[in-house]
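Q: My file is target.cif. It has mmCIF, C-alpha atoms:
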```cif
data_structure
loop_
_atom_site.label_atom_id
_atom_site.label_comp_id
_atom_site.auth_asym_id
_atom_site.auth_seq_id
_atom_site.Cartn_x
_atom_site.Cartn_y
_atom_site.Cartn_z
CA MET A 1 -22.05 27.13 -1.48
CA THR A 2 -18.58 26.73 -2.97
CA ASP A 3 -18.49 25.26 -6.47
CA PHE A 4 -16.26 22.18 -6.28
CA CYS A 5 -15.80 18.70 -7.68
CA ILE A 6 -14.78 15.53 -5.85
CA VAL A 7 -12.39 12.90 -7.19
CA ILE A 8 -12.04 9.59 -5.34
CA PRO A 9 -8.93 7.59 -6.38
CA ALA A 10 -9.52 3.84 -6.02
CA ARG A 11 -6.97 1.16 -6.87
CA TRP A 12 -7.42 -2.62 -6.76
CA GLN A 13 -3.87 -3.34 -5.62
CA SER A 14 -3.21 -3.10 -1.88
CA SER A 15 -0.40 -4.89 -0.10
CA ARG A 16 -2.51 -5.45 2.99
CA LEU A 17 -6.05 -5.64 1.55
CA PRO A 18 -6.16 -6.65 -2.14
CA GLY A 19 -9.38 -5.55 -3.81
CA LYS A 20 -10.07 -3.20 -0.90
CA PRO A 21 -12.51 -0.85 -2.71
CA LEU A 22 -15.01 -3.67 -3.29
CA LEU A 23 -14.69 -5.42 0.07
CA ASP A 24 -17.94 -5.67 2.00
CA ILE A 25 -18.27 -3.46 5.04
CA ALA A 26 -21.52 -3.76 6.97
CA GLY A 27 -23.47 -4.80 3.88
CA LYS A 28 -22.04 -2.43 1.26
CA ALA A 29 -18.82 -2.17 -0.69
CA LEU A 30 -16.24 0.06 0.99
CA LEU A 31 -15.98 2.36 -2.04
CA LEU A 32 -19.77 2.68 -2.31
CA ARG A 33 -19.90 3.94 1.26
CA VAL A 34 -17.20 6.52 0.46
CA CYS A 35 -19.17 7.67 -2.61
CA GLU A 36 -22.36 8.00 -0.58
CA GLN A 37 -20.67 10.07 2.12
CA ALA A 38 -18.89 12.27 -0.42
CA SER A 39 -22.07 12.89 -2.43
CA ARG A 40 -23.70 14.32 0.71
CA ALA A 41 -21.21 17.20 0.50
CA GLN A 42 -23.16 18.28 -2.62
CA PRO A 43 -20.30 18.62 -5.12
CA LYS A 44 -20.91 19.88 -8.63
CA GLN A 45 -19.55 16.56 -9.84
CA LEU A 46 -18.23 13.38 -8.21
CA VAL A 47 -15.86 11.13 -10.14
CA VAL A 48 -14.14 7.90 -9.14
CA ALA A 49 -10.66 7.48 -10.65
CA THR A 50 -9.51 3.88 -11.08
CA ASP A 51 -7.19 1.68 -13.12
CA ASP A 52 -9.23 -1.50 -12.71
CA GLU A 53 -12.21 -2.66 -14.80
CA ARG A 54 -13.84 -4.44 -11.86
CA ILE A 55 -13.99 -1.19 -9.95
CA GLU A 56 -15.13 0.67 -13.07
CA GLN A 57 -18.07 -1.70 -13.59
CA ALA A 58 -19.08 -1.57 -9.93
CA VAL A 59 -19.07 2.23 -9.82
CA LYS A 60 -21.17 2.42 -13.00
CA SER A 61 -23.68 -0.02 -11.48
CA TRP A 62 -24.02 2.29 -8.46
CA GLY A 63 -24.80 5.24 -10.73
CA TYR A 64 -21.63 7.29 -10.17
CA ASP A 65 -19.23 8.70 -12.77
CA VAL A 66 -15.94 6.87 -13.22
CA VAL A 67 -12.79 7.59 -15.25
CA MET A 68 -10.22 4.96 -16.16
CA THR A 69 -6.70 6.23 -15.48
CA ALA A 70 -3.17 4.98 -16.15
CA VAL A 71 -1.84 2.06 -14.12
CA GLU A 72 1.60 3.56 -13.52
CA HIS A 73 0.61 6.56 -11.39
CA GLU A 74 2.74 6.77 -8.25
CA SER A 75 0.31 8.85 -6.20
CA GLY A 76 -3.36 9.69 -5.82
CA SER A 77 -2.72 13.29 -6.87
CA ASP A 78 -1.28 12.07 -10.21
CA ARG A 79 -4.46 10.09 -10.77
CA VAL A 80 -6.63 13.09 -9.84
CA ALA A 81 -4.66 15.31 -12.24
CA GLU A 82 -5.34 12.87 -15.08
CA VAL A 83 -9.06 13.05 -14.30
CA ALA A 84 -8.92 16.86 -14.35
CA ASP A 85 -7.34 16.75 -17.81
CA LYS A 86 -9.82 14.22 -19.16
CA MET A 87 -12.76 16.21 -17.75
CA GLN A 88 -11.24 19.41 -19.21
CA TRP A 89 -11.63 21.26 -15.93
CA GLN A 90 -10.29 24.82 -15.92
CA ASP A 91 -7.31 25.94 -13.82
CA GLU A 92 -9.49 27.72 -11.23
CA GLN A 93 -11.80 24.74 -10.68
CA ILE A 94 -11.56 23.41 -7.11
CA ILE A 95 -11.23 19.65 -6.67
CA VAL A 96 -11.39 17.79 -3.37
CA ASN A 97 -9.39 14.57 -3.31
CA VAL A 98 -11.30 12.16 -1.05
CA GLN A 99 -9.48 8.95 -0.17
CA GLY A 100 -11.28 5.82 -1.31
CA ASP A 101 -10.78 4.03 2.02
CA GLU A 102 -12.52 6.49 4.38
CA PRO A 103 -16.16 5.37 4.57
CA LEU A 104 -16.89 7.48 7.66
CA ILE A 105 -15.67 10.81 6.28
CA ASP A 106 -17.98 13.63 7.31
CA PRO A 107 -19.41 15.63 4.38
CA ARG A 108 -18.95 18.82 6.41
CA ALA A 109 -15.18 18.34 6.37
CA ILE A 110 -15.27 18.02 2.58
CA GLN A 111 -17.28 21.23 2.28
CA GLN A 112 -14.96 22.96 4.73
CA VAL A 113 -11.74 22.25 2.85
CA ALA A 114 -13.31 23.36 -0.45
CA SER A 115 -14.69 26.55 1.09
CA ASN A 116 -11.34 27.34 2.74
CA LEU A 117 -9.54 27.15 -0.59
CA ALA A 118 -12.17 29.31 -2.27
CA ALA A 119 -11.73 31.92 0.48
CA HIS A 120 -7.93 32.09 0.14
CA ALA A 121 -7.05 33.21 -3.36
CA ASP A 122 -3.31 33.11 -2.59
CA ALA A 123 -3.39 29.37 -1.83
CA GLY A 124 -3.27 26.55 -4.36
CA ILE A 125 -4.16 23.83 -1.87
CA ALA A 126 -6.21 23.55 1.33
CA THR A 127 -6.16 20.79 3.90
CA LEU A 128 -7.23 20.11 7.50
CA SER A 129 -5.68 19.40 10.87
CA SER A 130 -6.69 18.50 14.42
CA PRO A 131 -5.22 18.76 17.92
CA LEU A 132 -3.15 15.74 18.90
CA ALA A 133 -5.20 13.30 20.93
CA GLU A 134 -2.33 11.70 22.85
CA PRO A 135 1.18 12.86 23.87
CA SER A 136 2.58 9.73 22.20
CA GLU A 137 1.49 11.10 18.81
CA LEU A 138 4.15 13.81 19.05
CA ALA A 139 6.90 11.24 18.56
CA ASP A 140 4.92 8.95 16.23
CA PRO A 141 6.28 9.34 12.67
CA ASN A 142 2.97 8.05 11.30
CA ALA A 143 1.22 11.08 12.82
CA VAL A 144 2.21 13.90 10.48
CA LYS A 145 2.42 17.28 12.19
CA VAL A 146 1.88 20.71 10.66
CA VAL A 147 2.80 24.25 11.74
CA THR A 148 1.07 27.30 10.24
CA ASP A 149 1.46 31.06 10.24
CA ASN A 150 -1.11 33.48 11.67
CA ARG A 151 -3.18 33.31 8.47
CA GLY A 152 -3.41 29.53 8.56
CA LEU A 153 -0.87 29.02 5.77
CA ALA A 154 1.40 26.02 6.28
CA LEU A 155 4.98 26.71 7.33
CA TYR A 156 6.02 23.05 7.37
CA PHE A 157 4.78 19.46 7.60
CA SER A 158 6.88 16.85 9.36
CA ARG A 159 6.89 13.39 10.86
CA ALA A 160 9.02 14.86 13.66
CA PRO A 161 7.50 16.55 16.76
CA ILE A 162 6.96 20.18 15.70
CA PRO A 163 6.95 22.79 17.05
CA TRP A 164 9.89 21.83 19.29
CA CYS A 165 10.11 23.47 22.70
CA ARG A 166 13.78 24.27 23.31
CA ASP A 167 13.47 24.74 27.07
CA SER A 168 11.71 21.45 27.80
CA GLY A 169 13.52 19.48 25.08
CA SER A 170 10.30 18.03 23.73
CA GLY A 171 7.46 18.77 21.34
CA ASN A 172 4.82 21.31 22.31
CA LEU A 173 1.60 19.33 22.73
CA GLU A 174 -0.61 22.42 23.11
CA GLN A 175 0.57 23.99 19.85
CA ALA A 176 1.03 20.81 17.82
CA ARG A 177 -1.50 19.91 15.15
CA ARG A 178 -1.91 16.59 13.37
CA HIS A 179 -2.38 16.78 9.63
CA ILE A 180 -5.56 15.21 8.24
CA GLY A 181 -4.99 13.90 4.72
CA ILE A 182 -7.84 15.48 2.79
CA TYR A 183 -6.90 18.01 0.11
CA ALA A 184 -8.65 20.63 -2.00
CA TYR A 185 -6.70 21.76 -5.07
CA ARG A 186 -7.06 24.43 -7.67
CA VAL A 187 -6.64 22.48 -10.89
CA GLY A 188 -3.83 24.78 -12.06
CA ALA A 189 -1.84 24.13 -8.89
CA LEU A 190 -2.45 20.38 -9.12
CA ARG A 191 -1.20 20.28 -12.70
CA ALA A 192 1.91 22.24 -11.70
CA ILE A 193 2.68 19.94 -8.76
CA THR A 194 2.39 16.72 -10.75
CA GLN A 195 4.82 18.07 -13.36
CA LEU A 196 7.50 18.90 -10.77
CA PRO A 197 10.33 16.54 -9.81
CA VAL A 198 10.42 15.07 -6.32
CA ALA A 199 11.79 17.69 -3.89
CA ASP A 200 14.61 16.85 -1.50
CA ILE A 201 12.49 17.59 1.58
CA GLU A 202 9.66 15.51 0.14
CA ARG A 203 12.04 12.59 -0.27
CA SER A 204 13.42 13.01 3.26
CA GLU A 205 10.03 13.15 4.99
CA SER A 206 8.15 11.01 2.43
CA LEU A 207 5.43 13.67 2.35
CA GLU A 208 4.14 14.66 -1.07
CA GLN A 209 2.74 18.03 0.08
CA LEU A 210 6.30 19.23 0.67
CA ARG A 211 6.85 19.22 -3.11
CA ALA A 212 4.24 21.96 -3.39
CA MET A 213 5.76 23.94 -0.53
CA ALA A 214 9.26 23.66 -2.00
CA ALA A 215 7.88 25.16 -5.22
CA GLY A 216 6.26 28.06 -3.36
CA ILE A 217 2.66 26.83 -3.66
CA ARG A 218 0.79 27.89 -0.54
CA ILE A 219 -1.28 25.47 1.50
CA HIS A 220 -4.08 26.70 3.77
CA VAL A 221 -4.72 24.64 6.92
CA GLU A 222 -7.61 24.79 9.37
CA ASP A 223 -8.74 22.57 12.23
CA ALA A 224 -11.43 20.22 10.94
CA CYS A 225 -15.00 21.15 11.84
CA ALA A 226 -15.99 17.47 11.91
CA ASP A 227 -14.38 14.08 12.44
CA THR A 228 -13.09 12.53 9.23
CA GLY A 229 -13.33 9.07 10.80
CA PRO A 230 -10.79 6.22 10.71
CA GLY A 231 -9.63 4.92 7.35
CA VAL A 232 -9.38 1.26 6.34
CA ASP A 233 -5.85 -0.04 5.74
CA THR A 234 -5.97 -3.49 7.35
CA GLN A 235 -8.42 -6.30 8.06
CA ALA A 236 -8.57 -5.11 11.65
CA ASP A 237 -9.55 -1.62 10.43
CA LEU A 238 -12.26 -3.16 8.25
CA LEU A 239 -13.77 -4.99 11.22
CA SER A 240 -13.49 -1.93 13.46
CA VAL A 241 -15.24 0.42 11.01
CA ALA A 242 -17.88 -2.22 10.27
CA ALA A 243 -18.64 -2.39 13.99
CA ILE A 244 -19.08 1.39 14.10
CA LEU A 245 -21.45 1.32 11.12
CA GLU A 246 -23.45 -1.55 12.52
CA SER A 247 -23.78 0.14 15.91
CA GLY A 248 -25.04 3.38 14.35
CA ASN A 249 -22.53 5.40 16.43
CA LEU A 250 -21.35 7.68 13.61
#
```
What do you get writing this file as structure tokens?

A:
Amino acid sequence: MTDFCIVIPARWQSSRLPGKPLLDIAGKALLLRVCEQASRAQPKQLVVATDDERIEQAVKSWGYDVVMTAVEHESGSDRVAEVADKMQWQDEQIIVNVQGDEPLIDPRAIQQVASNLAAHADAGIATLSSPLAEPSELADPNAVKVVTDNRGLALYFSRAPIPWCRDSGSGNLEQARRHIGIYAYRVGALRAITQLPVADIERSESLEQLRAMAAGIRIHVEDACADTGPGVDTQADLLSVAAILESGNL
């Protein structure tokens, strides 16, 4: 099995759901459910990264490791990089960044993205994708699309419909893949990315992974072997995921 660590960034502040990590979802805190799912992937170490003492105390009470990080981080990857420095992880150590609002994430997807990075020495990052479920997703800017080369290395990520079929004047639904936002990093690549300025294409698309691509850091992409499940961004999402958990239809 691939040797990897998991870091779960968890912030108290949320414009739509303040205190989201500790909100109850079917009898357990949201973040606790994420930790339980992530631990089933059998990482070498699992660490929650937070800037809030309430979250810190809760995570300790659940028996998981937690690291307090700076308040001013602009992204989850910045927070993960601080954890890597504090834990003194070496440049070749693989870290999987698991979002703290995905209580249904399948442990197999976590293992997959870590194993993919381990198998591709020329990549600094690995991530996952899936076929688009609906034609409407092609034009949906919230559904980020990705195009890869024959080796599975990303050519580009975009909110626009890619690849574009010139003859039909529309996106190509059969070839299009939706990006799934789970990342495995080599620590050295993560440190390099967080020290780089924002790239022009990153600013245009508002996609942080384009900073790595602009710097020549390769990203391996593969279709997910398992469903990563819906995340929780709103109260409606919270109720929807709670219903899934309560029904047992995972």

Q: Have a look at atom CA of Ile6 of chain A and atom CA of Gly231 of chain A and let me know their distance in Å, one decimal.

A: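 That distance, rounded to one decimal, is 17.7 Å.
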
Q: With the file shown as input, list the residues that the PyMOL selection byres ((chain A and resi 71) around 9) selects, as a list in words.

A: Arg11, Thr50, Asp51, Asp52, Thr69, Ala70, Glu72, His73 and Glu74 of chain A

Q: Nearest to His220 of chain A among A:Pro21, A:Pro197, A:Gly124, A:Pro161, with distances taken over only C-alpha atoms: which residue is it?

A: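 The answer is A:Gly124, which sits nearest to His220 of chain A.
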
Q: Rounded to one decimal in Å, what is the spacing between atom CA of Leu138 of chain A and atom CA of Gly171 of chain A?

A: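 Taking atom CA of Leu138 of chain A as the start and atom CA of Gly171 of chain A as the end point, the length is 6.4 Å.
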
Q: Near Ala126 of chain A, counting all atoms listed in the file, which residues have an atom at most 7 Å away, once you skip same-chain residues fewer than 6 positions from it, shown as a PyMOL selection string?

A: chain A and resi 113+116-117+183-185+219-221

Q: Output the residue selection produced by the PyMOL selection byres ((chain A and resi 25) around 8) on the file above, formatted as JSON, numbers by chain.

A: {"A": [23, 24, 26, 27, 28, 29, 30, 238, 239, 241, 242]}

Q: Starting from the displayed file, determine the output of the PyMOL selection byres ((chain A and resi 80-94) around 9) and express the residue list as a ChimeraX atom specification.

A: /A:2-9,47-49,67-70,75-79,95-97,114,117-118,184-191,194

Q: Save out the residues we just selected, C-alpha atoms, as a PDB file, in the frame of the given file.

A:
```pdb
ATOM      1  CA  THR A   2     -18.580  26.730  -2.970  1.00  0.00           C
ATOM      2  CA  ASP A   3     -18.490  25.260  -6.470  1.00  0.00           C
ATOM      3  CA  PHE A   4     -16.260  22.180  -6.280  1.00  0.00           C
ATOM      4  CA  CYS A   5     -15.800  18.700  -7.680  1.00  0.00           C
ATOM      5  CA  ILE A   6     -14.780  15.530  -5.850  1.00  0.00           C
ATOM      6  CA  VAL A   7     -12.390  12.900  -7.190  1.00  0.00           C
ATOM      7  CA  ILE A   8     -12.040   9.590  -5.340  1.00  0.00           C
ATOM      8  CA  PRO A   9      -8.930   7.590  -6.380  1.00  0.00           C
ATOM      9  CA  VAL A  47     -15.860  11.130 -10.140  1.00  0.00           C
ATOM     10  CA  VAL A  48     -14.140   7.900  -9.140  1.00  0.00           C
ATOM     11  CA  ALA A  49     -10.660   7.480 -10.650  1.00  0.00           C
ATOM     12  CA  VAL A  67     -12.790   7.590 -15.250  1.00  0.00           C
ATOM     13  CA  MET A  68     -10.220   4.960 -16.160  1.00  0.00           C
ATOM     14  CA  THR A  69      -6.700   6.230 -15.480  1.00  0.00           C
ATOM     15  CA  ALA A  70      -3.170   4.980 -16.150  1.00  0.00           C
ATOM     16  CA  SER A  75       0.310   8.850  -6.200  1.00  0.00           C
ATOM     17  CA  GLY A  76      -3.360   9.690  -5.820  1.00  0.00           C
ATOM     18  CA  SER A  77      -2.720  13.290  -6.870  1.00  0.00           C
ATOM     19  CA  ASP A  78      -1.280  12.070 -10.210  1.00  0.00           C
ATOM     20  CA  ARG A  79      -4.460  10.090 -10.770  1.00  0.00           C
ATOM     21  CA  ILE A  95     -11.230  19.650  -6.670  1.00  0.00           C
ATOM     22  CA  VAL A  96     -11.390  17.790  -3.370  1.00  0.00           C
ATOM     23  CA  ASN A  97      -9.390  14.570  -3.310  1.00  0.00           C
ATOM     24  CA  ALA A 114     -13.310  23.360  -0.450  1.00  0.00           C
ATOM     25  CA  LEU A 117      -9.540  27.150  -0.590  1.00  0.00           C
ATOM     26  CA  ALA A 118     -12.170  29.310  -2.270  1.00  0.00           C
ATOM     27  CA  ALA A 184      -8.650  20.630  -2.000  1.00  0.00           C
ATOM     28  CA  TYR A 185      -6.700  21.760  -5.070  1.00  0.00           C
ATOM     29  CA  ARG A 186      -7.060  24.430  -7.670  1.00  0.00           C
ATOM     30  CA  VAL A 187      -6.640  22.480 -10.890  1.00  0.00           C
ATOM     31  CA  GLY A 188      -3.830  24.780 -12.060  1.00  0.00           C
ATOM     32  CA  ALA A 189      -1.840  24.130  -8.890  1.00  0.00           C
ATOM     33  CA  LEU A 190      -2.450  20.380  -9.120  1.00  0.00           C
ATOM     34  CA  ARG A 191      -1.200  20.280 -12.700  1.00  0.00           C
ATOM     35  CA  THR A 194       2.390  16.720 -10.750  1.00  0.00           C
TER      36      THR A 194
END
```

Q: Which residue gives the smallest distance to Ser130 of chain A among A:Gln37, A:Thr228, A:Ser204, A:Ser14, with all atoms listed in the file counted?

A: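 The shortest atom-to-atom distance to Ser130 of chain A comes from A:Thr228.
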
Q: Please report the interatomic distance between atom CA of Leu46 of chain A and atom CA of Thr234 of chain A in Å with one decimal.

A: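 Computing it gives 26.0 Å between the two atoms.
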
Q: I need every residue sitting at most 7 Å from the point (-11.5, 6.5, 4.1) (coordinates as in the file, all atoms listed in the file considered), written as an MDAnalysis selection string.

A: chainID A and resid 34 99:105 230:232

Q: Name the residues in contact with Ala41 of chain A at a cut-off of 7 Å, using all atoms listed in the file, excluding same-chain residues fewer than 4 positions from it; report them as a ChimeraX atom specification.

A: /A:107-108,110-111

Q: Given only C-alpha atoms as the basis, pick out the residue of A:Glu246, A:Glu202, A:Asp223, A:Glu56 nearest to Ile180 of chain A.

A: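 The closest residue to Ile180 of chain A is A:Asp223.
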
Q: Which residue is closest to Ala224 of chain A? Choose from A:Gly248, A:Gly19, A:Pro131, A:Gly63 and count all atoms listed in the file.

A: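 Of the candidates, the smallest distance to Ala224 of chain A is held by A:Pro131.
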
Q: Out of A:Leu32, A:Phe157, A:Pro43, A:Ala212, which residue has the shortest atom-to-atom distance to Ala58 of chain A when counting all atoms listed in the file?

A: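 Among A:Leu32, A:Phe157, A:Pro43, A:Ala212, it is A:Leu32 that comes nearest to Ala58 of chain A.
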
Q: Show which residues sit within 6 Å of His179 of chain A, as a list in words. Count all atoms listed in the file, and ignore same-chain residues fewer than 3 positions away.

A: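 Near His179 of chain A, the qualifying residues are Ser129, Val144, Lys145 and Val146 of chain A.
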
Q: With 3 Å of padding per side, what axis-aligned box (centre and edge lengths, Å, one decimal) covers all the listed atoms of segment 3-12 of chain A? Give it as AutoDock Vina command-line options.

A:
```
--center_x -12.7 --center_y 11.3 --center_z -6.5 --size_x 17.5 --size_y 33.9 --size_z 8.3
```

Q: Write out as a ChimeraX atom specification which residues come within 12 Å of Asp140 of chain A when counting all atoms listed in the file, dropping same-chain ones fewer than 2 positions away.

A: /A:132-138,142-145,158-162,171,178

Q: The selected residues should be written to file as a PDB file, keeping the file's coordinate frame (atoms: C-alpha atoms).

A:
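Result file is result.pdb:
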```
ATOM      1  CA  LEU A 132      -3.150  15.740  18.900  1.00  0.00           C
ATOM      2  CA  ALA A 133      -5.200  13.300  20.930  1.00  0.00           C
ATOM      3  CA  GLU A 134      -2.330  11.700  22.850  1.00  0.00           C
ATOM      4  CA  PRO A 135       1.180  12.860  23.870  1.00  0.00           C
ATOM      5  CA  SER A 136       2.580   9.730  22.200  1.00  0.00           C
ATOM      6  CA  GLU A 137       1.490  11.100  18.810  1.00  0.00           C
ATOM      7  CA  LEU A 138       4.150  13.810  19.050  1.00  0.00           C
ATOM      8  CA  ASN A 142       2.970   8.050  11.300  1.00  0.00           C
ATOM      9  CA  ALA A 143       1.220  11.080  12.820  1.00  0.00           C
ATOM     10  CA  VAL A 144       2.210  13.900  10.480  1.00  0.00           C
ATOM     11  CA  LYS A 145       2.420  17.280  12.190  1.00  0.00           C
ATOM     12  CA  SER A 158       6.880  16.850   9.360  1.00  0.00           C
ATOM     13  CA  ARG A 159       6.890  13.390  10.860  1.00  0.00           C
ATOM     14  CA  ALA A 160       9.020  14.860  13.660  1.00  0.00           C
ATOM     15  CA  PRO A 161       7.500  16.550  16.760  1.00  0.00           C
ATOM     16  CA  ILE A 162       6.960  20.180  15.700  1.00  0.00           C
ATOM     17  CA  GLY A 171       7.460  18.770  21.340  1.00  0.00           C
ATOM     18  CA  ARG A 178      -1.910  16.590  13.370  1.00  0.00           C
TER      19      ARG A 178
END
```

Q: Distance cut-off 12 Å, centre (10.0, 29.0, 6.4) in file coordinates, counting only C-alpha atoms: which residues qualify? Return them as a list in words.

A: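 Those residues, ordered by chain and then number, are Val147, Thr148, Asp149, Leu153, Ala154, Leu155, Tyr156, Phe157, Leu210, Met213, Ala214, Gly216 and Arg218 of chain A.
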
Q: Using all atoms listed in the file, which residue out of A:Ile244, A:Leu22, A:Ile125, A:Cys225 lies closest to Gln209 of chain A?

A: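 Looking at the shortest contact to Gln209 of chain A, the residue is A:Ile125.
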
Q: Which residues, written as a list of chain:residue names, have at least one atom at most 7 Å from Ile182 of chain A, with all atoms listed in the file counted and residues fewer than 6 positions away on the same chain left out?

A: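 Final neighbour list, sorted by chain and number: A:Asn97, A:Val98, A:Thr127, A:Leu128.
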
Q: Is it possible to add N, CA and C atoms to segment 5-17 of chain A and hand it back as an mmCIF file, keeping the file's coordinate frame?

A:
```cif
data_model
loop_
_atom_site.group_PDB
_atom_site.id
_atom_site.type_symbol
_atom_site.label_atom_id
_atom_site.label_comp_id
_atom_site.auth_asym_id
_atom_site.auth_seq_id
_atom_site.Cartn_x
_atom_site.Cartn_y
_atom_site.Cartn_z
ATOM 1 N N CYS A 5 -15.633 20.079 -7.244
ATOM 2 C CA CYS A 5 -15.800 18.700 -7.680
ATOM 3 C C CYS A 5 -15.063 17.785 -6.700
ATOM 4 N N ILE A 6 -15.451 16.532 -6.681
ATOM 5 C CA ILE A 6 -14.780 15.530 -5.850
ATOM 6 C C ILE A 6 -14.228 14.439 -6.763
ATOM 7 N N VAL A 7 -12.981 14.062 -6.519
ATOM 8 C CA VAL A 7 -12.390 12.900 -7.190
ATOM 9 C C VAL A 7 -11.980 11.905 -6.101
ATOM 10 N N ILE A 8 -12.362 10.657 -6.292
ATOM 11 C CA ILE A 8 -12.040 9.590 -5.340
ATOM 12 C C ILE A 8 -11.136 8.574 -6.045
ATOM 13 N N PRO A 9 -9.822 8.599 -5.784
ATOM 14 C CA PRO A 9 -8.930 7.590 -6.380
ATOM 15 C C PRO A 9 -9.184 6.223 -5.728
ATOM 16 N N ALA A 10 -9.259 5.185 -6.550
ATOM 17 C CA ALA A 10 -9.520 3.840 -6.020
ATOM 18 C C ALA A 10 -8.743 2.817 -6.850
ATOM 19 N N ARG A 11 -7.778 2.167 -6.212
ATOM 20 C CA ARG A 11 -6.970 1.160 -6.870
ATOM 21 C C ARG A 11 -7.308 -0.231 -6.328
ATOM 22 N N TRP A 12 -7.172 -1.241 -7.191
ATOM 23 C CA TRP A 12 -7.420 -2.620 -6.760
ATOM 24 C C TRP A 12 -6.270 -3.132 -5.891
ATOM 25 N N GLN A 13 -5.038 -2.811 -6.314
ATOM 26 C CA GLN A 13 -3.870 -3.340 -5.620
ATOM 27 C C GLN A 13 -3.699 -2.698 -4.244
ATOM 28 N N SER A 14 -3.505 -3.538 -3.241
ATOM 29 C CA SER A 14 -3.210 -3.100 -1.880
ATOM 30 C C SER A 14 -2.404 -4.208 -1.228
ATOM 31 N N SER A 15 -1.269 -3.861 -0.675
ATOM 32 C CA SER A 15 -0.400 -4.890 -0.100
ATOM 33 C C SER A 15 -1.050 -5.592 1.068
ATOM 34 N N ARG A 16 -1.901 -4.856 1.802
ATOM 35 C CA ARG A 16 -2.510 -5.450 2.990
ATOM 36 C C ARG A 16 -3.955 -5.916 2.765
ATOM 37 N N LEU A 17 -4.661 -5.268 1.822
ATOM 38 C CA LEU A 17 -6.050 -5.640 1.550
ATOM 39 C C LEU A 17 -6.306 -5.605 0.044
#
```
